[in-house]
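*Asks:* First the structure, then my questions, so here it is.
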Amino acid sequence: MTIATLTKPWEAMSYGFLDASAKRELRRKMLKAIAVPGCQMPYASREVPMARGWGTGGLQVTLTLLRPSSVVKVIDQGADDSVNAASIRSFLSKVSGARETWDTLEATIIQSRHRIPEERLRADQVLVLQVPNPEPLRPVEPNMSVARQMHADADYGRLWLILYEQIVRSGRVMQGAAYPSLVNGRHVMTPSPIPRWDVPKLHMAQHLTFLSAGREKRLYAVPPFTRVEPLVFSDVPFQVEDHAALTCHRSGLTGYFMNEIPQGGGGSQFELSDSNLGIKAIRQAEGAEARVGSTWYENGKMPQ
Amino acid sequence: MAYVATRGGERAIDQSERLYRAELGRIDAARVAEIRHALPMLIDRVMGEASLYEPDLAALALAQAGGDLYEAVLLLRAWRTTQPRLTIAEPVLQEQLFTLRRISAAFKDIPGGQILGPSLDYAHRLLATGVLQGRPYVPAPVEPAATPAPARQPSLAAWQKAQGLVADPARADVAPDDIPDLTREPLLFPAARAHTLQSLARADTGGMLALGYSAMRGYGNAHPTVNELRLAEADVRVRHPRGTVFSAGRVKVSQAEVTSKGKSGLLELGFCATLGWNEVKVISGATLDLNAPGAAKGSPVEEEFFLYHTEPVEASGFCIHFKLPHYVTFQSSLDALRGAKAAPAPHELEKVPA
């Protein structure tokens, strides 16, 4: 036996950039995260060739899941052509050989910053959400050790208190994105700064969602068919953004989450935040072939 | 699409990067060698924060980043990710260090002597403007002492322990493979001692100085006295698969031990060590370590507070991430804001019966 028979030829980096020991740790933590939905699992979080806070947590999970047959979509604020999404997507395909796509229906892995696509995800797709701050208790308890104890005790009273105070002060819940939600009736998680519009898409979904914060070194998951319930009072229902009646000035679609584009003369125009859904709708209208899948929201409403 | 400023995809980022790199121009081995040669203190600082001891790679990272320290550290850390952990070196004991500088502010003289070594401490900080007028600055030659200082120096704390001035907790021997490794495990609190020291060793020099200085000014409980400051070279002794222990080379290390009188009636010690020579960093780090026991949650000298907030790659990355578009999150807040404006004022919601 020689060393040569025991080893592989030298390569500049491992398949999918992360080395085997990093991937093994991530796989273990990802399985744990699935086993305890919504519970934050600490992980070592290696440095990757991107700055922290730019999707390094999502990147590590995606790199661990990728294989050559994967088809990967990356979006930032809903857009595939956003510069950071483009940068992450090209890195992913470069180090894994996976195919790139903009089409939600085609993708096997979707890494996203702050949006869930409008087209329904299937059981064979995995959503990886980039998370800047994994701790829903941060606004009430910045100390991580104390917050960890509060999760262990399911001590979430102060989160409800914030919501109550908002109602008293402003007449409504003022939480914008990253709406704290109870997962599987046990752990409160932050769904990452997705708009409230997207939170119901996680509830009893067919697909698996990983949420990963590279800088804060925590990952958690929402497995398929898991309850995700935004924190609300029984007499104050959860309210998504008031976008149901807005129409995209480019594609003509109505009833999805929109970007607001301020206009010179005052007022605003709106365009679809899910940019590739807009592109497909425009193509269809022009008579080109483009398949639009069924969407979570129908006529601006999420079916119960 | 409409948000032109941050869209445009691959071509835009490619050109943006080219624009940046065009400014730096051609990078060749000569430039890297010159950086390594001319800027040893900077190389040390970068190697310490990257927790990767390789002066050539550090010089290359600085060249590639155009001297942006956070970029250079990130380059090295990301490269480090791709490298396997081959073996764990033998622990380095203080008295085995090849010591070049070792001073104590706690005593006029100490066993082994005060060894000044290389230092600018007492230099007059005058710019040698003559260099710009064509008169090169040539340092005066060093005149060696008649008797060289001993290369190996005892630890001052060992003397203090023998005098009963410092608590001497029993040493827990840990097998090399069982030493907690911050690069392979997350930092959790209360932190393992090894994690604390590793985290301090990798910390951002500037960040550590800011928090350490706040403790020195009075936001900490303990005023530090420099018990011992050391600049040294350490043999990296590793075990060959055949069993022989051999030195794989030397690395520059710095360490500081600061002390203050504790409530127990004994001296308490704070410690910090790092790869490379970086005195400001180790004194600040040791001050934070000294102040950490019993610190209030959320105070700058609480371990969780200063370890999280002096991590250079995380802190700088998060800071610059605010340049990324945040319009979805912003839209969501705007919706709540407009909703609240449109809603009746809260006191009108409920008429309290008189």
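Identifiers in this document derive from the order of the structure tokens: chains are assigned A, B, ..., residues are numbered from 1 separately in each chain, and ligands are numbered from 1 in order of occurrence.
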Taking only C-alpha atoms into account, report as a CSV table (one decimal) with C-alpha atoms, in the first residue's frame which residues of chain A lie within 8 Å of chain B.

*Replies:*
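Saved as iface08.csv:
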chain,number,residue,atom,x,y,z
A,13,MET,CA,-10.3,23.1,-3.1
A,14,SER,CA,-12.9,20.6,-2.1
A,17,PHE,CA,-15.7,24.7,-1.5
A,18,LEU,CA,-16.3,23.5,2.1
A,19,ASP,CA,-14.1,20.7,3.2
A,22,ALA,CA,-17.2,21.4,7.6
A,42,PRO,CA,-25.2,26.7,16.8
A,43,TYR,CA,-22.6,25.8,14.2
A,44,ALA,CA,-19.0,26.7,13.7
A,45,SER,CA,-19.7,28.7,10.5
A,46,ARG,CA,-16.5,28.7,8.5
A,47,GLU,CA,-15.3,31.8,6.7
A,48,VAL,CA,-16.2,31.7,3.0
A,49,PRO,CA,-14.9,34.0,0.2
A,50,MET,CA,-17.7,36.5,0.9
A,51,ALA,CA,-18.1,39.0,3.6
A,52,ARG,CA,-20.2,38.1,6.7
A,53,GLY,CA,-23.7,39.5,6.5
A,54,TRP,CA,-23.8,38.9,2.7
A,77,GLN,CA,-35.2,41.0,-2.3
A,81,ASP,CA,-30.4,39.9,-11.2
A,82,SER,CA,-29.6,41.8,-8.0
A,83,VAL,CA,-25.8,42.1,-7.8
A,84,ASN,CA,-25.3,40.0,-4.7
A,86,ALA,CA,-25.8,37.1,-9.2
A,87,SER,CA,-22.5,36.9,-7.3
A,114,HIS,CA,-35.7,38.3,2.4
A,115,ARG,CA,-38.3,36.8,0.0
A,142,PRO,CA,-29.7,41.4,23.4
A,143,ASN,CA,-27.7,38.9,25.5
A,144,MET,CA,-27.5,35.6,23.7
A,145,SER,CA,-26.9,33.4,26.8
A,167,ILE,CA,-51.2,48.4,19.5
A,168,VAL,CA,-51.6,50.8,22.4
A,169,ARG,CA,-49.2,53.4,20.9
A,170,SER,CA,-50.1,53.2,17.2
A,171,GLY,CA,-53.4,51.4,17.0
A,172,ARG,CA,-51.9,48.4,15.2
A,173,VAL,CA,-49.1,46.0,15.2
A,174,MET,CA,-46.1,47.9,13.8
A,175,GLN,CA,-43.7,44.9,13.2
A,176,GLY,CA,-42.6,45.2,9.6
A,177,ALA,CA,-40.6,42.3,8.2
A,193,PRO,CA,-36.7,39.6,7.3
A,194,ILE,CA,-39.2,38.3,4.8
A,195,PRO,CA,-42.2,40.6,4.6
A,196,ARG,CA,-45.3,39.5,6.6
A,215,ARG,CA,-22.2,35.7,11.2
A,217,LYS,CA,-23.5,31.0,13.7
A,241,GLU,CA,-48.9,44.1,3.8
A,242,ASP,CA,-51.7,45.9,2.1
A,259,ASN,CA,-41.8,47.1,-4.9
A,260,GLU,CA,-42.8,50.7,-4.6
A,261,ILE,CA,-41.0,53.0,-7.1
A,273,SER,CA,-41.0,42.0,-6.2

*Asks:* Can you tell me which residues surround Thr209 in chain A at a distance of at most 8 Å, considering only C-alpha atoms, apart from same-chain residues fewer than 2 positions away, and format the answer as an mmCIF file with C-alpha atoms, in the first residue's frame?

*Replies:*
data_model
loop_
_atom_site.group_PDB
_atom_site.id
_atom_site.type_symbol
_atom_site.label_atom_id
_atom_site.label_comp_id
_atom_site.auth_asym_id
_atom_site.auth_seq_id
_atom_site.Cartn_x
_atom_site.Cartn_y
_atom_site.Cartn_z
ATOM 1 C CA VAL A 126 -35.466 23.216 -0.661
ATOM 2 C CA LEU A 127 -35.601 26.873 0.326
ATOM 3 C CA VAL A 128 -32.543 28.351 2.033
ATOM 4 C CA LEU A 129 -33.174 31.722 3.643
ATOM 5 C CA LEU A 202 -44.115 28.678 5.539
ATOM 6 C CA HIS A 207 -41.094 22.154 0.990
ATOM 7 C CA LEU A 211 -32.721 29.447 7.749
ATOM 8 C CA ALA A 221 -35.378 24.776 9.926
ATOM 9 C CA VAL A 222 -39.045 24.552 9.111
ATOM 10 C CA PRO A 223 -39.637 20.990 7.919
ATOM 11 C CA PRO A 224 -42.492 20.218 5.506
#

*Asks:* Per DSSP on the backbone, filter range 145-330 of chain B down to the residues in helix (DSSP H, G or I) and report them as a PyMOL selection string.

*Replies:* chain B and resi 156-162+176-178+193-202+205-219+279-291+303-309+312-321+327-330

*Asks:* Please measure the separation of CA of Ala157 in chain B and CA of Tyr122 in chain B, giving the value in Å to one decimal.

*Replies:*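 One can read the CA of Ala157 in chain B to CA of Tyr122 in chain B distance as 26.1 Å.
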
*Asks:* Counting only C-alpha atoms, what is within 6 Å of range 231-234 of chain B, bar same-chain residues fewer than 4 positions away, as an mmCIF file with N, CA and C atoms, in the first residue's frame?

*Replies:*
data_model
loop_
_atom_site.group_PDB
_atom_site.id
_atom_site.type_symbol
_atom_site.label_atom_id
_atom_site.label_comp_id
_atom_site.auth_asym_id
_atom_site.auth_seq_id
_atom_site.Cartn_x
_atom_site.Cartn_y
_atom_site.Cartn_z
ATOM 1 N N LEU B 97 9.689 29.913 25.616
ATOM 2 C CA LEU B 97 9.645 30.877 24.509
ATOM 3 C C LEU B 97 11.015 31.471 24.267
ATOM 4 N N PHE B 98 11.360 31.649 23.001
ATOM 5 C CA PHE B 98 12.573 32.356 22.636
ATOM 6 C C PHE B 98 12.223 33.844 22.718
ATOM 7 N N THR B 99 12.579 34.458 23.876
ATOM 8 C CA THR B 99 12.031 35.774 24.213
ATOM 9 C C THR B 99 12.927 36.908 23.731
ATOM 10 N N LEU B 100 12.343 37.867 23.006
ATOM 11 C CA LEU B 100 13.100 39.010 22.502
ATOM 12 C C LEU B 100 12.816 40.281 23.282
ATOM 13 N N ARG B 101 11.670 40.320 23.914
ATOM 14 C CA ARG B 101 11.300 41.509 24.687
ATOM 15 C C ARG B 101 10.415 41.019 25.816
ATOM 16 N N ARG B 250 9.331 28.295 13.578
ATOM 17 C CA ARG B 250 9.018 29.201 14.677
ATOM 18 C C ARG B 250 7.967 30.212 14.242
ATOM 19 N N VAL B 251 7.114 30.596 15.166
ATOM 20 C CA VAL B 251 6.172 31.678 14.898
ATOM 21 C C VAL B 251 6.399 32.792 15.909
ATOM 22 N N LYS B 252 6.167 34.028 15.463
ATOM 23 C CA LYS B 252 6.244 35.150 16.398
ATOM 24 C C LYS B 252 4.954 35.191 17.213
ATOM 25 N N VAL B 253 5.104 35.378 18.505
ATOM 26 C CA VAL B 253 3.920 35.492 19.364
ATOM 27 C C VAL B 253 4.101 36.677 20.311
ATOM 28 N N SER B 254 2.974 37.247 20.727
ATOM 29 C CA SER B 254 3.043 38.245 21.784
ATOM 30 C C SER B 254 2.033 37.869 22.852
#

*Asks:* I need the strand (DSSP E) residues of range 257-318 of chain B per DSSP on the backbone, written as a ChimeraX atom specification.

*Replies:* /B:257-261,267-275

*Asks:* Report the distance between CA of Glu141 in chain A and CA of Leu159 in chain A in Å, rounded to one decimal place.

*Replies:*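 Between these atoms lies a distance of 10.0 Å.
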
*Asks:* Pick out the residues sitting within 12 Å of Gln269 in chain A, and hand them over as a PyMOL selection string; count only C-alpha atoms, and ignore anything fewer than 2 positions along from it in its own chain.

*Replies:* (chain A and resi 246-250+252+258-267+271-272) or (chain B and resi 2)

*Asks:* Need the shell around range 132-140 of chain A: protein/DNA/RNA residues with any atom at most 6 Å away, counting only C-alpha atoms. Skip same-chain ones fewer than 4 positions apart. Format as a ChimeraX atom specification?

*Replies:* /A:189-190,213
